[in-house]
Amino acid sequence: MELLHSGKVRDVYADGDDILLVASDRVSIYDVVLPTAIPDKGKILTQLSLWWFEQLADVVPNHIISATDVPAEWAGRAVRCERLEMVMVECIARGYLAGSGLKEYEKDGAVSGVALPPGLIEGSKLPEPVFTPTTKVAPGEGHDEFMTYAEVEASVGADVAAELKRITLEVYRRGSEIAARNGIIIADTKIELGFAGGVLKLGDELLTPDSSRFWAADEWQPGGTQRYLDKQYLRDWSANSDWDRTAPGPEIPDEVVEATRNRYIEVYERLTGDRWR
């Protein structure tokens with residue numbers, strides 16, 4: 001096997017014609033990998049993604065070849081995948097106003113060029129989910145920037161842009177319906193898409209606490225910060241420190257590591273109905 005790329009969370013290996021995607025316990029915020037790992041995080045992300053890929057298999061195909069045909073030392077946190085030619089657009093769907101979408105809305109009343117009604121506040125439910133793509137920037141080369149739909153069309157072509165939007169919104173819609181039955185709100189999510197044999201397929205991870213904002217439905221209250229069941233908890237913790245968001249990041253205290261891990265486990269168990277072991 002050949003190590004092709006070591007990302008913020010995942011390591012990518014070539015194994016013949018296949019790719020091995022290995023999810024570590026590393027955690028990153030604001031594009032900086034923090035020096036403290038979150039135990040079991042990689043396994044939780046992998047197992048939850050596999051669960052979602054199965055739930056949404058009729059919506060869009062995915063890159064998974066096998067979750068078991070992997071080296072023993074990576075069992076539970078690695079998957080064997082097809083090679084995809086990734087689309088260089090971050091595909092994001094939003095059903096609620098939070099995070100960078102909230103900041104963009106407060107600036108000019110729109111997100112990715114999509115005008116939203118006036119008077120929305122943090123945590124507001126949008127009239128309907130919106131497609132709010134961003135650029136895909138390599139690590140260390142800056143931050144993703146919002147793109148208008150016209151810019152997506154100019155980048156990948158009208159036909160591909162239409163499919164990106166359709167798939168992203170359908171993944172969000174179906175995922176949100178499933179999550180709602182289990183008491184979870186998916187405020188927004190990011191998906192990765194790429195081509196294999198001319199077919200668009202889901203890659204990377206799907207509807208995880210690293211790629212989505214999850215809120216407990218019975219605690220949702222527009223007008224302030226929600227109780228996040230995802231990586232946003234760490235962002236909020238870091239905001240109360242004197243860290244300037246540049247590398248190296250701060251060490252994470254034990255109690256914050258435990259609280260973060262517990263949130264990942266909680267959302268896994270609530271969504272899947274299975275106990276984390």
# chains A, B, ... in the order shown; residues from 1 in each chain; ligands from 1
call {"tool": "residues_around", "arguments": {"residues": "Lys43 in chain A", "least_positions_apart": "3", "cutoff": "9 Å", "atoms": "only C-alpha atoms", "output": "list of chain:residue names"}}
result
A:Ala23, A:Ser24, A:Asp25, A:Pro39, A:Asp40, A:Thr46, A:Gln47, A:Leu48, A:Ala75, A:Gly76, A:Arg77, A:Ala78
call {"tool": "write_last_selection", "arguments": {"atoms": "N, CA and C atoms", "output": "short mmCIF file (atom, residue, chain, number, x, y, z; two decimals), in the first residue's frame"}}
result
data_model
loop_
_atom_site.label_atom_id
_atom_site.label_comp_id
_atom_site.auth_asym_id
_atom_site.auth_seq_id
_atom_site.Cartn_x
_atom_site.Cartn_y
_atom_site.Cartn_z
N ALA A 23 -10.02 6.68 8.92
CA ALA A 23 -10.41 7.82 9.75
C ALA A 23 -9.67 7.76 11.09
N SER A 24 -8.87 8.76 11.36
CA SER A 24 -8.12 8.83 12.60
C SER A 24 -8.99 9.46 13.70
N ASP A 25 -8.41 9.59 14.89
CA ASP A 25 -9.10 10.27 15.98
C ASP A 25 -8.70 11.74 16.06
N PRO A 39 -10.84 10.13 21.54
CA PRO A 39 -10.87 8.66 21.45
C PRO A 39 -12.12 8.14 20.75
N ASP A 40 -11.93 7.20 19.83
CA ASP A 40 -13.00 6.52 19.08
C ASP A 40 -13.63 7.38 18.00
N THR A 46 -16.74 6.63 10.86
CA THR A 46 -16.79 5.59 9.82
C THR A 46 -18.08 4.79 9.92
N GLN A 47 -18.42 4.36 11.12
CA GLN A 47 -19.61 3.51 11.29
C GLN A 47 -20.89 4.29 11.02
N LEU A 48 -20.94 5.55 11.41
CA LEU A 48 -22.13 6.35 11.13
C LEU A 48 -22.25 6.61 9.63
N ALA A 75 -9.45 -1.98 11.53
CA ALA A 75 -10.83 -2.48 11.56
C ALA A 75 -11.74 -1.49 12.28
N GLY A 76 -12.88 -1.21 11.66
CA GLY A 76 -13.85 -0.30 12.26
C GLY A 76 -13.68 1.15 11.88
N ARG A 77 -12.47 1.51 11.43
CA ARG A 77 -12.23 2.91 11.09
C ARG A 77 -11.78 3.10 9.65
N ALA A 78 -11.71 2.01 8.88
CA ALA A 78 -11.27 2.09 7.49
C ALA A 78 -12.32 1.48 6.57
#
call {"tool": "select_by_dssp", "arguments": {"residues": "range 61-249 of chain A", "states": "alpha helix (DSSP H)", "output": "PyMOL selection string"}}
result
chain A and resi 99-108+149-156+158-180+232-239
call {"tool": "write_last_selection", "arguments": {"atoms": "N, CA and C atoms", "output": "compact mmCIF listing (two decimals), in the first residue's frame"}}
result
# COMPACT_ATOMS: atom_id res chain seq x y z
N GLY A 99 -23.86 29.17 12.14
CA GLY A 99 -22.47 29.17 11.68
C GLY A 99 -22.18 30.23 10.63
N SER A 100 -21.40 29.83 9.62
CA SER A 100 -21.00 30.77 8.58
C SER A 100 -22.20 31.24 7.76
N GLY A 101 -23.22 30.39 7.64
CA GLY A 101 -24.43 30.80 6.94
C GLY A 101 -25.12 31.96 7.64
N LEU A 102 -25.16 31.91 8.97
CA LEU A 102 -25.75 33.01 9.75
C LEU A 102 -24.96 34.30 9.53
N LYS A 103 -23.61 34.19 9.56
CA LYS A 103 -22.79 35.39 9.37
C LYS A 103 -23.02 35.99 7.97
N GLU A 104 -23.10 35.13 6.98
CA GLU A 104 -23.33 35.60 5.62
C GLU A 104 -24.70 36.27 5.50
N TYR A 105 -25.72 35.66 6.12
CA TYR A 105 -27.07 36.24 6.10
C TYR A 105 -27.10 37.60 6.79
N GLU A 106 -26.43 37.70 7.93
CA GLU A 106 -26.43 38.97 8.67
C GLU A 106 -25.74 40.07 7.88
N LYS A 107 -24.84 39.68 6.99
CA LYS A 107 -24.11 40.67 6.20
C LYS A 107 -24.97 41.24 5.08
N ASP A 108 -25.68 40.36 4.33
CA ASP A 108 -26.44 40.88 3.18
C ASP A 108 -27.77 40.18 2.92
N TYR A 149 -24.73 29.92 -7.33
CA TYR A 149 -25.03 28.81 -8.23
C TYR A 149 -24.47 29.07 -9.62
N ALA A 150 -24.51 30.33 -10.04
CA ALA A 150 -23.94 30.67 -11.35
C ALA A 150 -22.45 30.38 -11.39
N GLU A 151 -21.76 30.60 -10.28
CA GLU A 151 -20.33 30.30 -10.22
C GLU A 151 -20.08 28.80 -10.26
N VAL A 152 -20.97 28.01 -9.65
CA VAL A 152 -20.85 26.55 -9.73
C VAL A 152 -21.03 26.11 -11.18
N GLU A 153 -22.04 26.66 -11.85
CA GLU A 153 -22.26 26.32 -13.26
C GLU A 153 -21.04 26.66 -14.10
N ALA A 154 -20.44 27.80 -13.83
CA ALA A 154 -19.26 28.21 -14.61
C ALA A 154 -18.08 27.29 -14.33
N SER A 155 -18.04 26.73 -13.13
CA SER A 155 -16.92 25.87 -12.73
C SER A 155 -17.04 24.45 -13.27
N VAL A 156 -18.25 23.87 -13.21
CA VAL A 156 -18.39 22.45 -13.56
C VAL A 156 -19.36 22.20 -14.71
N ALA A 158 -23.39 23.39 -16.51
CA ALA A 158 -24.78 23.48 -16.06
C ALA A 158 -25.35 22.13 -15.66
N ASP A 159 -25.08 21.08 -16.43
CA ASP A 159 -25.66 19.77 -16.13
C ASP A 159 -25.13 19.21 -14.82
N VAL A 160 -23.82 19.29 -14.61
CA VAL A 160 -23.24 18.78 -13.36
C VAL A 160 -23.71 19.63 -12.18
N ALA A 161 -23.76 20.94 -12.36
CA ALA A 161 -24.23 21.82 -11.29
C ALA A 161 -25.65 21.45 -10.86
N ALA A 162 -26.51 21.18 -11.81
CA ALA A 162 -27.89 20.81 -11.49
C ALA A 162 -27.93 19.51 -10.70
N GLU A 163 -27.08 18.54 -11.06
CA GLU A 163 -27.04 17.27 -10.32
C GLU A 163 -26.48 17.46 -8.92
N LEU A 164 -25.46 18.28 -8.78
CA LEU A 164 -24.91 18.56 -7.45
C LEU A 164 -25.99 19.13 -6.54
N LYS A 165 -26.74 20.08 -7.06
CA LYS A 165 -27.80 20.70 -6.26
C LYS A 165 -28.88 19.69 -5.93
N ARG A 166 -29.33 18.94 -6.92
CA ARG A 166 -30.41 17.97 -6.70
C ARG A 166 -30.01 16.93 -5.65
N ILE A 167 -28.82 16.36 -5.83
CA ILE A 167 -28.38 15.30 -4.91
C ILE A 167 -28.20 15.86 -3.50
N THR A 168 -27.57 17.01 -3.39
CA THR A 168 -27.32 17.59 -2.07
C THR A 168 -28.62 17.85 -1.31
N LEU A 169 -29.58 18.44 -1.98
CA LEU A 169 -30.85 18.74 -1.31
C LEU A 169 -31.64 17.48 -1.00
N GLU A 170 -31.55 16.46 -1.87
CA GLU A 170 -32.28 15.22 -1.60
C GLU A 170 -31.63 14.45 -0.45
N VAL A 171 -30.30 14.44 -0.40
CA VAL A 171 -29.61 13.82 0.74
C VAL A 171 -30.02 14.51 2.03
N TYR A 172 -30.05 15.83 2.00
CA TYR A 172 -30.46 16.57 3.20
C TYR A 172 -31.91 16.28 3.57
N ARG A 173 -32.78 16.29 2.57
CA ARG A 173 -34.21 16.07 2.86
C ARG A 173 -34.45 14.69 3.46
N ARG A 174 -33.91 13.66 2.81
CA ARG A 174 -34.11 12.30 3.30
C ARG A 174 -33.42 12.08 4.64
N GLY A 175 -32.20 12.61 4.76
CA GLY A 175 -31.48 12.48 6.02
C GLY A 175 -32.22 13.16 7.16
N SER A 176 -32.77 14.34 6.88
CA SER A 176 -33.49 15.08 7.92
C SER A 176 -34.75 14.35 8.37
N GLU A 177 -35.44 13.71 7.42
CA GLU A 177 -36.64 12.94 7.77
C GLU A 177 -36.28 11.78 8.70
N ILE A 178 -35.21 11.08 8.37
CA ILE A 178 -34.78 9.94 9.19
C ILE A 178 -34.33 10.43 10.56
N ALA A 179 -33.54 11.50 10.59
CA ALA A 179 -33.05 12.03 11.86
C ALA A 179 -34.20 12.51 12.74
N ALA A 180 -35.20 13.17 12.13
CA ALA A 180 -36.33 13.70 12.90
C ALA A 180 -37.07 12.59 13.63
N GLN A 232 -19.14 21.50 16.56
CA GLN A 232 -19.32 22.90 16.92
C GLN A 232 -19.05 23.13 18.40
N TYR A 233 -19.27 22.09 19.22
CA TYR A 233 -18.98 22.20 20.65
C TYR A 233 -17.52 22.61 20.87
N LEU A 234 -16.61 22.02 20.09
CA LEU A 234 -15.19 22.37 20.22
C LEU A 234 -14.92 23.79 19.73
N ARG A 235 -15.59 24.19 18.66
CA ARG A 235 -15.40 25.56 18.18
C ARG A 235 -15.83 26.56 19.26
N ASP A 236 -16.96 26.27 19.90
CA ASP A 236 -17.44 27.17 20.95
C ASP A 236 -16.47 27.20 22.13
N TRP A 237 -15.91 26.04 22.47
CA TRP A 237 -14.92 25.99 23.55
C TRP A 237 -13.71 26.85 23.19
N SER A 238 -13.23 26.73 21.96
CA SER A 238 -12.02 27.47 21.57
C SER A 238 -12.28 28.97 21.53
N ALA A 239 -13.53 29.36 21.29
CA ALA A 239 -13.85 30.78 21.20
C ALA A 239 -13.66 31.48 22.54
call {"tool": "residues_around", "arguments": {"residues": "Pro133 in chain A", "least_positions_apart": "4", "cutoff": "10 Å", "atoms": "only C-alpha atoms", "output": "mmCIF file with N, CA and C atoms, in the first residue's frame"}}
result
data_model
loop_
_atom_site.group_PDB
_atom_site.id
_atom_site.type_symbol
_atom_site.label_atom_id
_atom_site.label_comp_id
_atom_site.auth_asym_id
_atom_site.auth_seq_id
_atom_site.Cartn_x
_atom_site.Cartn_y
_atom_site.Cartn_z
ATOM 1 N N VAL A 89 -16.150 21.270 -5.661
ATOM 2 C CA VAL A 89 -17.160 22.134 -5.060
ATOM 3 C C VAL A 89 -17.586 21.480 -3.755
ATOM 4 N N GLU A 90 -17.617 22.246 -2.673
ATOM 5 C CA GLU A 90 -18.165 21.747 -1.417
ATOM 6 C C GLU A 90 -19.678 21.902 -1.498
ATOM 7 N N CYS A 91 -20.389 20.788 -1.437
ATOM 8 C CA CYS A 91 -21.846 20.797 -1.607
ATOM 9 C C CYS A 91 -22.512 20.844 -0.236
ATOM 10 N N ILE A 92 -23.152 21.955 0.064
ATOM 11 C CA ILE A 92 -23.724 22.185 1.389
ATOM 12 C C ILE A 92 -25.209 22.463 1.266
ATOM 13 N N ALA A 93 -25.991 21.812 2.128
ATOM 14 C CA ALA A 93 -27.428 22.094 2.239
ATOM 15 C C ALA A 93 -27.699 22.639 3.629
ATOM 16 N N ARG A 94 -28.535 23.653 3.697
ATOM 17 C CA ARG A 94 -28.893 24.263 4.977
ATOM 18 C C ARG A 94 -30.410 24.292 5.124
ATOM 19 N N VAL A 111 -27.342 33.794 1.394
ATOM 20 C CA VAL A 111 -26.238 32.846 1.554
ATOM 21 C C VAL A 111 -25.973 32.230 0.183
ATOM 22 N N SER A 112 -24.732 32.300 -0.267
ATOM 23 C CA SER A 112 -24.363 31.808 -1.600
ATOM 24 C C SER A 112 -25.259 32.404 -2.691
ATOM 25 N N GLY A 113 -25.648 33.655 -2.501
ATOM 26 C CA GLY A 113 -26.485 34.314 -3.485
ATOM 27 C C GLY A 113 -27.956 33.974 -3.386
ATOM 28 N N ASP A 144 -12.479 28.020 2.648
ATOM 29 C CA ASP A 144 -13.520 27.917 1.634
ATOM 30 C C ASP A 144 -14.333 29.206 1.591
ATOM 31 N N GLU A 145 -14.753 29.576 0.403
ATOM 32 C CA GLU A 145 -15.562 30.786 0.218
ATOM 33 C C GLU A 145 -16.895 30.412 -0.427
ATOM 34 N N PHE A 146 -17.957 31.120 -0.050
ATOM 35 C CA PHE A 146 -19.259 30.856 -0.628
ATOM 36 C C PHE A 146 -19.240 31.088 -2.135
ATOM 37 N N MET A 147 -19.981 30.224 -2.856
ATOM 38 C CA MET A 147 -20.127 30.345 -4.302
ATOM 39 C C MET A 147 -21.603 30.536 -4.628
ATOM 40 N N THR A 148 -21.895 31.353 -5.634
ATOM 41 C CA THR A 148 -23.256 31.409 -6.142
ATOM 42 C C THR A 148 -23.479 30.201 -7.054
ATOM 43 N N TYR A 149 -24.733 29.923 -7.325
ATOM 44 C CA TYR A 149 -25.033 28.808 -8.226
ATOM 45 C C TYR A 149 -24.469 29.069 -9.617
ATOM 46 N N GLU A 151 -21.763 30.599 -10.278
ATOM 47 C CA GLU A 151 -20.334 30.298 -10.219
ATOM 48 C C GLU A 151 -20.077 28.797 -10.260
ATOM 49 N N VAL A 152 -20.968 28.009 -9.649
ATOM 50 C CA VAL A 152 -20.849 26.551 -9.733
ATOM 51 C C VAL A 152 -21.030 26.111 -11.181
ATOM 52 N N LEU A 164 -25.456 18.285 -8.784
ATOM 53 C CA LEU A 164 -24.913 18.556 -7.451
ATOM 54 C C LEU A 164 -25.994 19.129 -6.540
ATOM 55 N N LYS A 165 -26.735 20.077 -7.061
ATOM 56 C CA LYS A 165 -27.797 20.697 -6.258
ATOM 57 C C LYS A 165 -28.882 19.692 -5.931
ATOM 58 N N THR A 168 -27.568 17.014 -3.387
ATOM 59 C CA THR A 168 -27.318 17.594 -2.068
ATOM 60 C C THR A 168 -28.616 17.846 -1.314
ATOM 61 N N LYS A 190 -22.585 18.961 4.837
ATOM 62 C CA LYS A 190 -21.705 19.071 3.671
ATOM 63 C C LYS A 190 -21.462 17.668 3.134
#
call {"tool": "closest_residue", "arguments": {"among": "A:Ala37, A:Ile121, A:Leu50, A:Val70", "to": "Val257 in chain A", "atoms": "only C-alpha atoms"}}
result
A:Ala37
call {"tool": "atom_distance", "arguments": {"atom1": "CA of Glu269 in chain A", "atom2": "CA of Leu207 in chain A"}}
result
13.8 Å
call {"tool": "closest_residue", "arguments": {"among": "A:Ala247, A:Leu120, A:Ile191, A:Ala67", "to": "Ile29 in chain A", "atoms": "only C-alpha atoms"}}
result
A:Ala247
call {"tool": "closest_residue", "arguments": {"among": "A:Thr132, A:Thr189, A:Ser66, A:Ser6", "to": "Leu116 in chain A", "atoms": "only C-alpha atoms"}}
result
A:Thr132
call {"tool": "closest_residue", "arguments": {"among": "A:Tyr228, A:Phe195, A:Tyr96, A:Trp51", "to": "Tyr268 in chain A", "atoms": "only C-alpha atoms"}}
result
A:Trp51
call {"tool": "select_by_dssp", "arguments": {"residues": "range 81-240 of chain A", "states": "strand (DSSP E)", "output": "PyMOL selection string"}}
result
chain A and resi 81+85-86+89-96+110-111+114-115+125-131+134-135+184-196+199-203+212-216
call {"tool": "atom_distance", "arguments": {"atom1": "CA of Arg277 in chain A", "atom2": "CA of Asp15 in chain A"}}
result
28.9 Å
call {"tool": "closest_residue", "arguments": {"among": "A:Ala115, A:Leu229, A:Val256, A:Val60", "to": "Arg270 in chain A", "atoms": "only C-alpha atoms"}}
result
A:Leu229
call {"tool": "closest_residue", "arguments": {"among": "A:Ser49, A:Ile44, A:Val12, A:Arg83", "to": "Glu266 in chain A", "atoms": "only C-alpha atoms"}}
result
A:Ile44
call {"tool": "atom_distance", "arguments": {"atom1": "CA of Gly224 in chain A", "atom2": "CA of Asn240 in chain A"}}
result
16.4 Å
call {"tool": "residues_around", "arguments": {"residues": "Arg10 in chain A", "least_positions_apart": "4", "cutoff": "12 Å", "atoms": "only C-alpha atoms", "output": "JSON, numbers by chain"}}
result
{"A": [3, 4, 5, 6, 19, 20, 21, 22, 23, 24, 25, 26, 27, 28, 33, 41, 42, 43, 45, 46, 74, 77, 78, 79, 204, 205, 210]}
call {"tool": "residues_around", "arguments": {"residues": "Asp17 in chain A", "least_positions_apart": "4", "cutoff": "12 Å", "atoms": "only C-alpha atoms", "output": "ChimeraX atom specification"}}
result
/A:1-2,13,65,80-84
call {"tool": "write_last_selection", "arguments": {"atoms": "C-alpha atoms", "output": "mmCIF file, in the first residue's frame"}}
result
data_model
loop_
_atom_site.group_PDB
_atom_site.id
_atom_site.type_symbol
_atom_site.label_atom_id
_atom_site.label_comp_id
_atom_site.auth_asym_id
_atom_site.auth_seq_id
_atom_site.Cartn_x
_atom_site.Cartn_y
_atom_site.Cartn_z
ATOM 1 C CA MET A 1 0.000 0.000 0.000
ATOM 2 C CA GLU A 2 1.031 3.569 -0.687
ATOM 3 C CA TYR A 13 -3.888 4.830 0.823
ATOM 4 C CA ILE A 65 -16.494 -1.366 -1.873
ATOM 5 C CA ARG A 80 -12.190 0.140 0.911
ATOM 6 C CA CYS A 81 -13.453 2.529 -1.770
ATOM 7 C CA GLU A 82 -13.540 3.238 -5.469
ATOM 8 C CA ARG A 83 -11.298 5.960 -6.774
ATOM 9 C CA LEU A 84 -13.387 9.020 -7.535
#
